[in-house]
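The file work-v9.cif comes next; it holds mmCIF, C-alpha atoms.
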```cif
data_model
#
loop_
_atom_site.label_atom_id
_atom_site.label_comp_id
_atom_site.auth_asym_id
_atom_site.auth_seq_id
_atom_site.Cartn_x
_atom_site.Cartn_y
_atom_site.Cartn_z
CA MET A 1 99.90 25.42 -18.07
CA SER A 2 99.04 27.96 -20.80
CA PHE A 3 101.39 30.85 -21.57
CA ARG A 4 98.71 33.29 -20.38
CA MET A 5 98.55 31.56 -16.99
CA ILE A 6 102.30 31.44 -16.45
CA ASN A 7 103.45 33.10 -13.23
CA TYR A 8 105.66 36.17 -13.21
CA ARG A 9 108.65 34.35 -11.73
CA LEU A 10 108.77 31.86 -14.61
CA LEU A 11 108.01 34.56 -17.17
CA THR A 12 110.93 36.62 -15.90
CA ALA A 13 113.27 33.66 -16.16
CA MET A 14 112.07 32.89 -19.69
CA LEU A 15 112.46 36.50 -20.77
CA LEU A 16 115.98 36.66 -19.37
CA LEU A 17 116.93 33.53 -21.25
CA CYS A 18 115.45 34.48 -24.61
CA CYS A 19 116.81 38.01 -24.39
CA GLY A 20 120.32 36.76 -23.80
CA LEU A 21 120.58 38.36 -20.38
CA ARG A 22 122.22 35.33 -18.84
CA ALA A 23 124.90 37.40 -17.15
CA ALA A 24 122.24 39.68 -15.66
CA ALA A 25 120.09 36.91 -14.21
CA GLN A 26 121.34 37.56 -10.68
CA VAL A 27 120.92 41.32 -10.99
CA LEU A 28 117.22 41.47 -11.88
CA PRO A 29 114.54 40.58 -9.31
CA ALA A 30 113.42 37.05 -10.19
CA ASP A 31 109.88 37.62 -8.93
CA GLY A 32 109.28 41.18 -10.13
CA PRO A 33 106.12 41.40 -12.26
CA LEU A 34 106.77 42.45 -15.84
CA THR A 35 104.86 44.74 -18.17
CA VAL A 36 105.07 42.39 -21.17
CA ASP A 37 101.92 41.09 -22.82
CA SER A 38 102.32 37.32 -22.67
CA ALA A 39 100.53 36.55 -25.95
CA LEU A 40 102.44 39.26 -27.80
CA GLN A 41 105.74 38.05 -26.33
CA ALA A 42 104.94 34.48 -27.36
CA LEU A 43 104.18 35.55 -30.93
CA GLY A 44 107.40 37.55 -31.11
CA GLU A 45 109.42 34.53 -29.95
CA ARG A 46 107.64 32.39 -32.50
CA ILE A 47 108.23 34.53 -35.60
CA MET A 48 111.85 35.31 -34.64
CA SER A 49 112.71 31.60 -34.69
CA ASN A 50 115.63 30.68 -36.96
CA LYS A 51 116.73 34.29 -37.13
CA GLN A 52 119.06 36.70 -35.35
CA GLY A 53 117.83 40.07 -34.19
CA SER A 54 115.15 41.57 -31.99
CA ILE A 55 111.62 42.85 -31.58
CA VAL A 56 110.64 45.66 -29.22
CA ALA A 57 107.10 46.92 -28.59
CA ILE A 58 106.19 49.87 -26.36
CA GLU A 59 102.90 51.38 -25.21
CA PRO A 60 103.48 55.02 -26.31
CA SER A 61 101.23 56.60 -23.67
CA THR A 62 103.08 55.06 -20.71
CA GLY A 63 106.49 53.81 -21.87
CA LYS A 64 105.87 50.27 -20.69
CA ILE A 65 107.46 47.45 -22.67
CA LEU A 66 104.82 45.24 -24.26
CA ALA A 67 107.29 42.78 -25.78
CA MET A 68 111.05 42.36 -25.93
CA VAL A 69 112.47 39.52 -27.99
CA SER A 70 116.14 38.90 -28.69
CA ARG A 71 117.34 35.93 -30.69
CA ASP A 72 120.90 34.97 -31.52
CA LYS A 73 122.42 32.23 -33.64
CA VAL A 74 125.99 32.91 -32.55
CA ASN A 75 125.24 32.28 -28.86
CA ASP A 76 127.03 35.40 -27.65
CA GLY A 77 124.62 36.10 -24.80
CA VAL A 78 123.86 39.66 -25.93
CA ASN A 79 120.43 41.24 -25.62
CA ARG A 80 120.21 42.63 -29.13
CA ALA A 81 117.16 44.72 -28.27
CA ILE A 82 119.07 47.07 -25.97
CA SER A 83 122.79 46.26 -26.11
CA THR A 84 123.51 46.23 -29.86
CA ALA A 85 123.70 49.39 -31.94
CA TYR A 86 123.20 49.14 -35.70
CA ALA A 87 122.86 51.47 -38.65
CA PRO A 88 119.13 52.32 -38.58
CA GLY A 89 118.87 52.55 -42.36
CA SER A 90 115.90 54.35 -43.86
CA THR A 91 113.85 54.26 -40.66
CA PHE A 92 116.11 57.16 -39.63
CA LYS A 93 114.64 59.35 -42.38
CA THR A 94 111.72 60.07 -40.08
CA ALA A 95 114.03 61.71 -37.52
CA GLN A 96 115.84 63.57 -40.30
CA ALA A 97 112.60 64.99 -41.65
CA LEU A 98 111.43 66.05 -38.19
CA THR A 99 114.71 67.88 -37.57
CA MET A 100 114.97 69.67 -40.91
CA LEU A 101 111.32 70.71 -40.90
CA SER A 102 111.66 72.12 -37.39
CA GLU A 103 114.78 74.05 -38.35
CA GLY A 104 113.09 75.52 -41.40
CA VAL A 105 115.78 74.25 -43.77
CA LEU A 106 113.25 71.99 -45.46
CA VAL A 107 109.59 72.51 -46.39
CA PRO A 108 107.12 69.74 -47.27
CA GLU A 109 106.83 70.95 -50.88
CA LYS A 110 110.58 70.74 -51.56
CA THR A 111 111.59 68.21 -54.22
CA TYR A 112 114.92 66.69 -55.26
CA PRO A 113 115.76 64.78 -58.44
CA CYS A 114 116.43 61.05 -58.24
CA HIS A 115 117.69 58.96 -61.15
CA LYS A 116 117.91 55.63 -59.36
CA GLY A 117 120.34 57.33 -57.01
CA PHE A 118 122.26 60.42 -56.00
CA TYR A 119 125.30 61.56 -57.98
CA PHE A 120 127.90 64.14 -56.92
CA ASP A 121 131.40 64.19 -58.44
CA LYS A 122 132.60 60.59 -57.96
CA ILE A 123 129.98 59.82 -55.30
CA ARG A 124 127.00 57.62 -56.16
CA ILE A 125 124.33 56.64 -53.66
CA GLY A 126 121.90 54.14 -55.14
CA CYS A 127 118.11 54.22 -54.81
CA HIS A 128 115.39 51.83 -55.88
CA PRO A 129 113.21 52.81 -58.86
CA HIS A 130 110.33 55.17 -58.04
CA PRO A 131 108.66 58.25 -59.55
CA ALA A 132 110.75 61.42 -59.27
CA PRO A 133 111.03 64.15 -58.24
CA LEU A 134 109.03 63.71 -55.04
CA ALA A 135 107.90 66.10 -52.31
CA LEU A 136 108.62 65.16 -48.69
CA VAL A 137 105.58 63.02 -47.84
CA GLN A 138 106.11 60.80 -50.86
CA ALA A 139 109.90 60.83 -50.34
CA ILE A 140 109.22 59.23 -46.94
CA SER A 141 106.65 56.89 -48.45
CA GLN A 142 108.96 55.75 -51.26
CA SER A 143 112.10 55.99 -49.07
CA CYS A 144 114.10 58.09 -51.52
CA ASN A 145 117.80 58.02 -50.64
CA SER A 146 118.61 60.91 -52.97
CA TYR A 147 116.11 63.15 -51.21
CA PHE A 148 117.43 62.67 -47.70
CA CYS A 149 121.12 62.63 -48.56
CA LYS A 150 120.82 65.88 -50.50
CA ALA A 151 118.59 67.56 -47.89
CA PHE A 152 121.00 66.64 -45.08
CA GLN A 153 123.99 67.79 -47.10
CA GLU A 154 122.34 71.16 -47.70
CA MET A 155 121.51 71.57 -44.02
CA ILE A 156 125.10 71.00 -42.88
CA ASP A 157 126.50 73.29 -45.60
CA ASN A 158 123.86 76.03 -45.15
CA ARG A 159 125.96 79.06 -44.16
CA GLY A 160 122.98 81.39 -44.31
CA LYS A 161 121.42 79.49 -41.40
CA TYR A 162 124.52 78.24 -39.57
CA PRO A 163 127.77 80.27 -39.42
CA THR A 164 129.87 77.09 -39.33
CA LYS A 165 129.54 73.38 -40.03
CA PHE A 166 130.11 72.85 -36.29
CA ARG A 167 127.01 74.88 -35.43
CA ALA A 168 125.00 72.97 -38.02
CA ILE A 169 125.89 69.45 -36.89
CA ASN A 170 125.60 70.32 -33.20
CA ARG A 171 122.14 71.77 -33.74
CA TRP A 172 121.18 68.59 -35.62
CA HIS A 173 122.61 66.58 -32.71
CA ASP A 174 120.41 68.51 -30.25
CA TYR A 175 117.27 67.41 -32.07
CA MET A 176 118.33 63.78 -32.23
CA SER A 177 119.21 63.76 -28.54
CA SER A 178 115.83 65.25 -27.65
CA MET A 179 114.21 62.30 -29.43
CA GLY A 180 116.15 59.83 -27.27
CA LEU A 181 118.86 58.94 -29.78
CA GLY A 182 122.59 58.68 -29.08
CA LYS A 183 122.24 58.04 -25.35
CA PRO A 184 120.83 55.37 -23.03
CA LEU A 185 117.10 55.80 -22.49
CA GLY A 186 117.32 54.52 -18.93
CA ILE A 187 115.32 51.31 -19.22
CA ASP A 188 115.29 49.23 -16.04
CA LEU A 189 117.58 46.54 -17.46
CA PRO A 190 121.38 46.39 -17.39
CA GLY A 191 123.64 46.69 -20.42
CA GLU A 192 121.83 49.37 -22.41
CA ALA A 193 123.98 50.80 -25.22
CA SER A 194 124.02 54.47 -26.14
CA GLY A 195 124.27 54.16 -29.91
CA THR A 196 126.03 56.91 -31.89
CA ILE A 197 124.73 60.31 -32.95
CA PRO A 198 127.80 62.29 -34.05
CA ASP A 199 128.45 65.87 -33.00
CA SER A 200 131.23 68.17 -34.20
CA ALA A 201 133.78 66.78 -31.73
CA PHE A 202 133.10 63.23 -32.88
CA LEU A 203 133.41 64.15 -36.56
CA GLN A 204 136.54 66.21 -36.00
CA GLN A 205 138.24 63.24 -34.39
CA THR A 206 136.88 60.65 -36.83
CA HIS A 207 137.68 62.63 -39.99
CA ARG A 208 140.69 64.54 -38.65
CA GLY A 209 138.92 67.82 -39.35
CA ARG A 210 138.28 67.04 -43.02
CA TRP A 211 134.50 66.74 -43.24
CA ASN A 212 131.51 68.66 -44.58
CA GLY A 213 127.96 68.00 -45.69
CA THR A 214 129.14 66.01 -48.67
CA THR A 215 131.53 63.67 -46.86
CA ILE A 216 128.92 62.74 -44.24
CA MET A 217 125.80 62.79 -46.44
CA TRP A 218 125.23 59.05 -45.85
CA ILE A 219 123.95 60.03 -42.40
CA GLY A 220 120.95 61.47 -44.23
CA MET A 221 119.71 57.97 -45.04
CA GLY A 222 120.67 56.34 -41.74
CA GLN A 223 124.10 55.01 -42.68
CA GLY A 224 127.64 56.21 -42.04
CA GLU A 225 128.46 57.43 -38.57
CA VAL A 226 125.01 56.95 -37.04
CA ALA A 227 123.92 53.90 -35.02
CA THR A 228 120.84 53.18 -32.90
CA THR A 229 119.58 50.32 -30.78
CA PRO A 230 116.28 48.58 -31.61
CA LEU A 231 114.91 49.99 -28.34
CA GLN A 232 115.78 53.51 -29.50
CA LEU A 233 114.08 52.92 -32.85
CA CYS A 234 110.94 51.73 -31.11
CA ASN A 235 111.12 54.73 -28.79
CA LEU A 236 111.47 57.02 -31.83
CA ALA A 237 108.24 55.51 -33.16
CA ALA A 238 106.68 56.31 -29.77
CA VAL A 239 107.90 59.93 -29.97
CA ILE A 240 106.19 60.28 -33.35
CA ALA A 241 103.06 58.48 -32.14
CA ASN A 242 102.87 60.89 -29.18
CA ARG A 243 103.49 63.89 -31.43
CA GLY A 244 106.52 65.11 -29.54
CA PHE A 245 107.37 63.25 -26.34
CA PHE A 246 108.36 59.88 -24.92
CA LEU A 247 108.25 58.27 -21.52
CA THR A 248 111.26 56.37 -20.19
CA PRO A 249 110.71 52.75 -21.23
CA TYR A 250 110.36 50.23 -18.42
CA ILE A 251 109.77 46.48 -18.21
CA HIS A 252 109.13 45.96 -14.48
CA ARG A 253 105.70 46.98 -13.32
CA LYS A 254 105.60 50.01 -11.08
CA PRO A 255 104.18 49.28 -7.60
CA THR A 256 101.69 52.15 -7.86
CA GLY A 257 100.95 51.82 -11.55
CA GLY A 258 102.03 55.08 -13.15
CA GLN A 259 104.29 55.55 -16.13
CA GLY A 260 107.84 56.38 -17.16
CA GLU A 261 109.37 59.84 -16.79
CA LYS A 262 108.19 62.23 -19.54
CA HIS A 263 110.71 63.73 -21.97
CA MET A 264 109.76 66.45 -24.46
CA SER A 265 111.51 66.69 -27.81
CA ILE A 266 112.39 70.07 -29.34
CA VAL A 267 110.69 69.12 -32.61
CA CYS A 268 107.97 71.51 -33.83
CA ARG A 269 104.42 70.15 -33.57
CA ASP A 270 103.64 70.73 -37.25
CA ALA A 271 106.59 68.60 -38.31
CA PHE A 272 104.95 65.51 -36.84
CA ASP A 273 101.87 65.94 -39.02
CA THR A 274 104.00 65.82 -42.17
CA VAL A 275 106.10 62.86 -41.07
CA ILE A 276 103.06 60.88 -39.92
CA ALA A 277 101.45 61.56 -43.28
CA GLY A 278 104.57 60.13 -44.92
CA MET A 279 104.58 57.06 -42.67
CA ARG A 280 100.90 56.46 -43.36
CA ALA A 281 101.52 56.85 -47.10
CA ALA A 282 104.33 54.27 -46.84
CA VAL A 283 101.76 51.74 -45.64
CA VAL A 284 98.97 52.75 -48.03
CA ASP A 285 100.93 52.83 -51.28
CA GLY A 286 104.63 53.01 -50.45
CA THR A 287 107.44 50.66 -49.47
CA CYS A 288 105.35 48.66 -46.99
CA ALA A 289 101.98 48.67 -48.77
CA GLY A 290 101.81 44.92 -48.24
CA ILE A 291 100.87 45.38 -44.58
CA ASN A 292 97.99 47.80 -45.12
CA THR A 293 94.66 46.84 -43.56
CA SER A 294 91.21 48.42 -43.35
CA ALA A 295 90.89 47.34 -39.70
CA TYR A 296 93.13 50.13 -38.33
CA GLU A 297 95.60 52.68 -39.64
CA ILE A 298 99.24 51.60 -39.40
CA CYS A 299 101.97 54.22 -39.78
CA GLY A 300 105.37 52.75 -40.60
CA LYS A 301 108.79 53.11 -42.14
CA THR A 302 110.90 50.36 -43.63
CA GLY A 303 114.68 50.20 -43.57
CA THR A 304 117.27 48.14 -45.38
CA ALA A 305 120.50 48.72 -43.49
CA GLU A 306 123.63 48.21 -45.57
CA ASN A 307 125.96 45.64 -44.13
CA VAL A 308 128.93 43.43 -44.91
CA GLY A 309 127.08 40.44 -46.36
CA GLU A 310 123.28 40.45 -46.64
CA ASP A 311 121.61 43.69 -45.56
CA HIS A 312 119.61 43.94 -42.34
CA SER A 313 115.80 44.07 -42.54
CA VAL A 314 114.29 46.85 -40.40
CA PHE A 315 110.85 48.28 -39.63
CA MET A 316 109.55 50.81 -37.13
CA GLY A 317 106.06 52.23 -36.72
CA PHE A 318 102.94 52.51 -34.63
CA ALA A 319 99.18 51.94 -34.69
CA PRO A 320 96.52 53.12 -34.78
CA LYS A 321 97.34 56.50 -36.32
CA GLU A 322 95.08 58.28 -33.84
CA ARG A 323 95.36 57.40 -30.15
CA PRO A 324 98.24 54.96 -30.79
CA ARG A 325 98.36 51.89 -28.57
CA ILE A 326 101.55 50.21 -29.78
CA ALA A 327 104.90 51.34 -31.16
CA ILE A 328 107.18 48.66 -32.58
CA SER A 329 110.59 48.06 -34.09
CA ILE A 330 111.88 44.88 -35.69
CA TYR A 331 115.50 44.30 -36.67
CA VAL A 332 116.44 41.07 -38.45
CA GLU A 333 120.14 40.72 -39.11
CA ASN A 334 120.93 39.72 -42.72
CA GLY A 335 117.19 39.66 -43.40
CA GLY A 336 117.32 41.70 -46.62
CA PHE A 337 114.75 44.33 -47.58
CA GLY A 338 112.72 45.82 -44.74
CA ALA A 339 109.51 45.37 -46.72
CA ASP A 340 110.16 41.67 -47.28
CA LEU A 341 110.66 40.48 -43.71
CA ALA A 342 110.59 43.03 -40.87
CA ALA A 343 107.43 44.83 -42.03
CA PRO A 344 105.16 41.76 -42.39
CA MET A 345 106.43 40.45 -39.06
CA ALA A 346 105.54 43.79 -37.46
CA ALA A 347 102.06 43.65 -38.98
CA LEU A 348 101.42 40.34 -37.19
CA MET A 349 102.57 41.78 -33.86
CA ILE A 350 100.31 44.82 -34.32
CA GLU A 351 97.32 42.64 -35.21
CA GLN A 352 97.87 40.40 -32.19
CA TYR A 353 98.00 43.34 -29.79
CA LEU A 354 95.18 45.46 -31.23
CA THR A 355 92.70 42.62 -31.82
CA GLY A 356 93.84 40.08 -29.22
CA ARG A 357 94.29 37.33 -31.80
CA LEU A 358 95.53 36.46 -35.28
CA SER A 359 93.14 35.69 -38.10
CA GLU A 360 93.44 32.29 -39.77
CA HIS A 361 95.29 33.94 -42.67
CA SER A 362 97.68 35.75 -40.32
CA ASP A 363 98.30 32.60 -38.32
CA ARG A 364 99.37 30.87 -41.53
CA LEU A 365 101.71 33.77 -42.18
CA ALA A 366 103.10 33.46 -38.66
CA LYS A 367 103.86 29.78 -39.31
CA HIS A 368 105.60 30.81 -42.53
CA TRP A 369 107.81 33.38 -40.80
CA GLU A 370 108.47 30.98 -37.94
CA LYS A 371 109.95 28.50 -40.42
CA LYS A 372 111.82 31.16 -42.40
CA ARG A 373 115.54 30.69 -41.86
CA VAL A 374 117.93 33.61 -42.22
CA LYS A 375 121.58 32.81 -42.77
CA ILE A 376 123.86 34.94 -40.62
CA THR A 377 126.90 36.45 -42.29
CA PRO A 378 129.94 35.58 -40.13
CA VAL A 379 131.16 39.13 -39.52
CA GLU A 380 131.81 41.09 -36.37
CA ILE A 381 128.59 42.60 -34.99
CA PRO A 382 128.91 46.17 -33.66
CA ILE A 383 128.17 46.00 -29.94
CA SER A 384 128.42 48.87 -27.50
CA LEU A 385 128.33 48.14 -23.79
CA ASP A 386 129.67 51.48 -22.62
CA ASP A 387 127.65 51.47 -19.41
CA LEU A 388 128.56 48.02 -18.10
#
```
Translate this structure into structure tokens?
Amino acid sequence: MSFRMINYRLLTAMLLLCCGLRAAAQVLPADGPLTVDSALQALGERIMSNKQGSIVAIEPSTGKILAMVSRDKVNDGVNRAISTAYAPGSTFKTAQALTMLSEGVLVPEKTYPCHKGFYFDKIRIGCHPHPAPLALVQAISQSCNSYFCKAFQEMIDNRGKYPTKFRAINRWHDYMSSMGLGKPLGIDLPGEASGTIPDSAFLQQTHRGRWNGTTIMWIGMGQGEVATTPLQLCNLAAVIANRGFFLTPYIHRKPTGGQGEKHMSIVCRDAFDTVIAGMRAAVVDGTCAGINTSAYEICGKTGTAENVGEDHSVFMGFAPKERPRIAISIYVENGGFGADLAAPMAALMIEQYLTGRLSEHSDRLAKHWEKKRVKITPVEIPISLDDL
């Protein structure tokens, strides 16, 4: 029997197994038809072989899950796509830019210096070599850490705009929450984690009242006190693809068709144009230029999430740029640079879905990534199961 001809009952069982939802097997309906694209799911399973992490793909216009892959090498039975919250790394810079542009504390023409990193007193935040200074679109494209750390620091410490640091961080929190971050999205699967988007109460408790824009500036580049699930990252890509809204993700087909519940963000419409330009530039001549194609316009953002041991490889994005049909996130634990692993894997998933097949060249690449082994650093993985 081919994978395309497999019945929904068997597909559900296979998905539960590969997603690590063993404990939930008796909770989900065994014969409920799923929204996943069988060929896309099969490709995701294939290229995630010998790795630990997840792939999530969503149809932005409806919220339906097109693929959900979770692989583990530690056999802990956790669905890493929805139940594990990680530092999002530089993929989070898209949400930062949307927030600061909407608040008027940042304009697209603003530049910041970068000398292979950000320096302030005894603080040094490294950055890879790139031209500097950069305006916002190219700062997204080149993933400049200095730019986003400094911009975030200035927002939190901006007393002309916000009377207190509490007002500043809570306003920032409002934007992130409206984009579906820091809370369960409500997918129709058990065990969804909320992630962490800090507000003033959280920071007061964590830092015992001793915090400001400088002490938390790492949040600006998706590190520090912020954590998101791969599902939330994919949903963020859907928010950007939709220019301002998302629909509650779902994986079981609705009896009457339809779509997920619509949620509007509070981000200004113009902010999306700038961020999308930056994500497109990242693919054309930025950090993920290796996945550019003339067949369709991919908009993406790489991430390299700092970690004890090898860094995590991250990518989020959508395609095509106009009338997007797929949003995707890939998170490979200990996979290294986002451009080296997560981004080319995402490109294969996008090609499969938009064209219905892989070219001979892409199929060879898929075989390469299938064989690629990623050694897992034996450290505790941050898992949040608050809602179980």
Item to complete: Name every residue that the PyMOL selection byres ((chain A and resi 98) around 7) selects in this structure, writing the answer as a list in words with chains first and numbers rising.
Response: Thr94, Ala95, Gln96, Ala97, Thr99, Met100, Leu101, Ser102, Val267, Ala271, Phe272 and Val275 of chain A
Restrict the calculation to only C-alpha atoms, then for each residue of segment 312-382 of chain A with any atom at most 7 Å from an atom of segment 287-301 of chain A give the closest atom pair and their distance in Å to one decimal, rows by chain and rising residue number, as JSON lines.
```
{"residue": "A:Phe315", "atom": "CA", "partner": "A:Lys301", "partner_atom": "CA", "distance": 5.8}
{"residue": "A:Met316", "atom": "CA", "partner": "A:Lys301", "partner_atom": "CA", "distance": 5.6}
{"residue": "A:Gly317", "atom": "CA", "partner": "A:Gly300", "partner_atom": "CA", "distance": 4.0}
{"residue": "A:Phe318", "atom": "CA", "partner": "A:Cys299", "partner_atom": "CA", "distance": 5.5}
{"residue": "A:Ala319", "atom": "CA", "partner": "A:Ile298", "partner_atom": "CA", "distance": 4.7}
{"residue": "A:Pro320", "atom": "CA", "partner": "A:Glu297", "partner_atom": "CA", "distance": 5.0}
{"residue": "A:Lys321", "atom": "CA", "partner": "A:Glu297", "partner_atom": "CA", "distance": 5.4}
{"residue": "A:Ala339", "atom": "CA", "partner": "A:Cys288", "partner_atom": "CA", "distance": 5.3}
{"residue": "A:Ala343", "atom": "CA", "partner": "A:Cys288", "partner_atom": "CA", "distance": 6.6}
{"residue": "A:Pro344", "atom": "CA", "partner": "A:Ile291", "partner_atom": "CA", "distance": 6.0}
{"residue": "A:Ala347", "atom": "CA", "partner": "A:Ile291", "partner_atom": "CA", "distance": 6.0}
```
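Separating atom CA of Asn235 of chain A from atom CA of Ser329 of chain A is a distance of 8.5 Å.
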Practice prompt. Can you give me, as JSON, numbers by chain, the residues this file yields under the PyMOL selection byres ((chain A and resi 226) around 9)?
Written response: {"A": [86, 87, 88, 182, 195, 196, 197, 198, 219, 222, 223, 224, 225, 227, 228]}
Worksheet item: When the PyMOL selection byres ((chain A and resi 249-253) around 6) is applied to the file above, which residues end up in the set, as an MDAnalysis selection string?
Response: chainID A and resid 33:35 63:65 187:188 248 254
First collect every listed atom of segment 286-290 of chain A; then fit an axis-aligned box around them, widen it by 6 Å on each side, and give centre and edge lengths in Å to one decimal, as lines of an AutoDock Vina configuration file.
```
center_x = 104.6
center_y = 49.0
center_z = -48.7
size_x = 17.6
size_y = 20.1
size_z = 15.5
```
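Going from atom CA of Thr111 of chain A to atom CA of Ser90 of chain A covers 17.8 Å.
Closest to Leu358 of chain A among A:Asp199, A:Asp174, A:Gly32, A:Ala39 is A:Ala39, based on only C-alpha atoms.
The residue that comes closest to Phe246 of chain A, out of A:Leu181, A:Val105, A:Met279, A:Met48 and on the basis of only C-alpha atoms, is A:Leu181.
The neighbours of Phe166 of chain A here are the residues that come within 7 Å of it, using only C-alpha atoms and leaving out any residue fewer than 3 positions away in the same chain; they are A:Ile169, A:Asn170, A:Ser200.
Minimum distance to Gln52 of chain A across A:Tyr175, A:Tyr331, A:Phe152, A:Phe202 (counting all atoms listed in the file) occurs at A:Tyr331.
Closest to Phe92 of chain A among A:Ser143, A:Gln41, A:Ser54, A:Asn79 is A:Ser143, based on all atoms listed in the file.
Contact shell of Ser265 of chain A at 7 Å (all atoms listed in the file; same-chain neighbours under 2 positions omitted): A:Ser178, A:Met179, A:Gly244, A:Phe245, A:His263, A:Val267.
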At a cut-off of 6 Å around the point (119.1, 43.6, -42.9) (file coordinates), what residues fall inside when counting only C-alpha atoms? I'd like the answer as a PDB file with C-alpha atoms, in the coordinates of the input.
```
ATOM      1  CA  THR A 304     117.270  48.140 -45.380  1.00  0.00           C
ATOM      2  CA  ALA A 305     120.500  48.720 -43.490  1.00  0.00           C
ATOM      3  CA  ASP A 311     121.610  43.690 -45.560  1.00  0.00           C
ATOM      4  CA  HIS A 312     119.610  43.940 -42.340  1.00  0.00           C
ATOM      5  CA  SER A 313     115.800  44.070 -42.540  1.00  0.00           C
ATOM      6  CA  VAL A 332     116.440  41.070 -38.450  1.00  0.00           C
ATOM      7  CA  GLU A 333     120.140  40.720 -39.110  1.00  0.00           C
ATOM      8  CA  ASN A 334     120.930  39.720 -42.720  1.00  0.00           C
ATOM      9  CA  GLY A 335     117.190  39.660 -43.400  1.00  0.00           C
ATOM     10  CA  GLY A 336     117.320  41.700 -46.620  1.00  0.00           C
TER      11      GLY A 336
END
```
Practice prompt. Write out as an NGL selection string the residues lying within 6 Å of Gly213 of chain A, counting only C-alpha atoms and excluding same-chain residues fewer than 5 positions away.
Written response: :A and (153 or 156-157)
Serialized selection, C-alpha atoms, as an mmCIF file, keeping the file's coordinate frame:
```cif
data_model
loop_
_atom_site.group_PDB
_atom_site.id
_atom_site.type_symbol
_atom_site.label_atom_id
_atom_site.label_comp_id
_atom_site.auth_asym_id
_atom_site.auth_seq_id
_atom_site.Cartn_x
_atom_site.Cartn_y
_atom_site.Cartn_z
ATOM 1 C CA GLN A 153 123.990 67.790 -47.100
ATOM 2 C CA ILE A 156 125.100 71.000 -42.880
ATOM 3 C CA ASP A 157 126.500 73.290 -45.600
#
```
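The residue that comes closest to Phe337 of chain A, out of A:His128, A:Lys150, A:Arg167, A:Arg373 and on the basis of all atoms listed in the file, is A:His128.
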Discussion item. Using Å and a single decimal, report how far atom CA of Ala366 of chain A sits from atom CA of Ile47 of chain A.
Written reply: 6.1 Å
